[in-house]
Amino acid sequence: GRERRASKTHRQEAPDAFAAFLAEAGLGRVEEPLKRCGISTLQQLRDTPAAALKAAVDPQTGSRVLAVGPLSKLRAALREQDSVSEVPAGVVFAASDGDACAECLDRRLFAFPASHASVVKAILNAPDRGASIRVFLWDASRKRLHGIFRPDAAEGDSADSPVVPSAFTSAPWTGVAPPPGKATAQTKFPCQLRVAPVRAFEPLPATLAGSVLQFERPGCAGAPAYDLTAEQVATVSRLFMTRGA
């Protein structure tokens, strides 16, 4: 079963998005003090004026939550996440095993962990909502690349909250999503992007895809870099097309 598209202007933020953002910015130590000040989500953080953040005092310790240095660091991290100046020509998502890959393809839903919210945000904030970007899925267990897809975002989709909160929580994947109200686990991959096929092709084996993709991504052994240049997209697309549909 495939989830119906819901056009929601407000969707619950991924549970770990706030913590993941602060950790990636090197500010994990201020997570609890900020929560004690009533700031517990990314949206609340963005909505809080800089002056209020500067003046925030931890009610438990009586100390200022953000000194000048950490405050500057926080504001820079927020600006970077909200930036849409560098939208890649292509994006490679990765599935760690066959179940995750099958679920991605069945749902037509690709995902990153919360730490990669800026990538999905850049796609969603592009002038055409990323329709001109080409998207691929790397199956890490079978060492092959699926394509060619494009973003197919719905109104209200956000990088800060999952399209399907229970996605990628059940294994083995049977092709049938849990009935509403039956799913209890929360996804570990909340930065989700709806996709649609540009054209269906047989997956490319690593022997071909590996000639174009870069597999030197730090901290993610065996997975390609997520961003592709226009030249790489053109080359990979030609590889798919020369092998036929």
# chains A, B, ... in the order shown; residues from 1 in each chain; ligands from 1
>>> select_by_dssp(residues="stretch 71-119 of chain A", states="helix (DSSP H, G or I)", output="CSV table (one decimal) with C-alpha atoms, in the first residue's frame")
chain,number,residue,atom,x,y,z
A,71,LEU,CA,25.6,32.2,19.6
A,72,SER,CA,27.5,33.2,16.5
A,73,LYS,CA,28.2,29.6,15.7
A,74,LEU,CA,24.5,28.8,16.1
A,75,ARG,CA,23.4,31.6,13.8
A,76,ALA,CA,25.9,30.6,11.2
A,77,ALA,CA,24.7,27.0,11.3
A,78,LEU,CA,21.1,28.2,10.9
A,79,ARG,CA,22.0,30.3,7.9
A,80,GLU,CA,23.9,27.4,6.3
A,81,GLN,CA,21.0,25.1,6.7
A,82,ASP,CA,18.6,27.6,5.2
A,98,GLY,CA,17.7,-4.9,0.4
A,99,ASP,CA,14.7,-4.2,2.6
A,100,ALA,CA,15.4,-0.5,2.8
A,101,CYS,CA,16.0,-0.3,-0.9
A,102,ALA,CA,12.8,-2.1,-1.7
A,103,GLU,CA,10.8,0.2,0.6
A,104,CYS,CA,12.4,3.3,-1.0
A,105,LEU,CA,11.3,2.1,-4.5
A,106,ASP,CA,7.9,0.8,-3.4
A,107,ARG,CA,7.0,4.0,-1.6
A,114,ALA,CA,18.4,14.3,10.2
A,115,SER,CA,22.0,15.5,9.8
A,116,HIS,CA,21.4,15.9,6.0
A,117,ALA,CA,18.4,18.2,6.3
A,118,SER,CA,20.1,20.9,4.4
A,119,VAL,CA,20.4,18.7,1.3
>>> closest_atom_pairs(of="stretch 51-104 of chain A", to="stretch 137-152 of chain A", cutoff="7 Å", atoms="only C-alpha atoms", output="Markdown table")
| residue | atom | partner | partner_atom | distance |
| --- | --- | --- | --- | --- |
| A:Val92 | CA | A:Leu137 | CA | 5.6 |
| A:Phe93 | CA | A:Leu137 | CA | 4.9 |
| A:Ala94 | CA | A:Trp138 | CA | 4.5 |
| A:Ala95 | CA | A:Asp139 | CA | 5.2 |
| A:Ser96 | CA | A:Ala140 | CA | 5.2 |
| A:Asp97 | CA | A:Ser141 | CA | 4.9 |
| A:Gly98 | CA | A:Ser141 | CA | 6.2 |
| A:Cys101 | CA | A:Asp139 | CA | 6.1 |
>>> closest_residue(among="A:Leu109, A:Ala50, A:Val65, A:Cys37", to="A:Cys191", atoms="only C-alpha atoms")
A:Leu109
>>> select_by_dssp(residues="stretch 10-221 of chain A", states="strand (DSSP E or B)", output="ChimeraX atom specification")
/A:57,64,90-95,109-112,134-139,144-151,158,161,191-197,204-205
>>> closest_residue(among="A:Lys54, A:Lys35, A:Arg243, A:Arg129", to="A:Pro205", atoms="only C-alpha atoms")
A:Arg243
>>> closest_residue(among="A:Leu53, A:Ala131, A:Leu239, A:Ala234", to="A:Arg194", atoms="only C-alpha atoms")
A:Ala131
>>> atom_distance(atom1="atom CA of A:Ala19", atom2="atom CA of A:Pro113")
12.0 Å
>>> closest_residue(among="A:Ala206, A:Leu34, A:Val163, A:Leu124", to="A:Gln60", atoms="only C-alpha atoms")
A:Leu34
>>> closest_residue(among="A:Val68, A:Ile39, A:Leu193, A:Ala23", to="A:Phe112", atoms="only C-alpha atoms")
A:Leu193
>>> atom_distance(atom1="atom CA of A:Thr41", atom2="atom CA of A:Arg29")
15.3 Å
>>> atom_distance(atom1="atom CA of A:Val164", atom2="atom CA of A:Tyr226")
21.6 Å
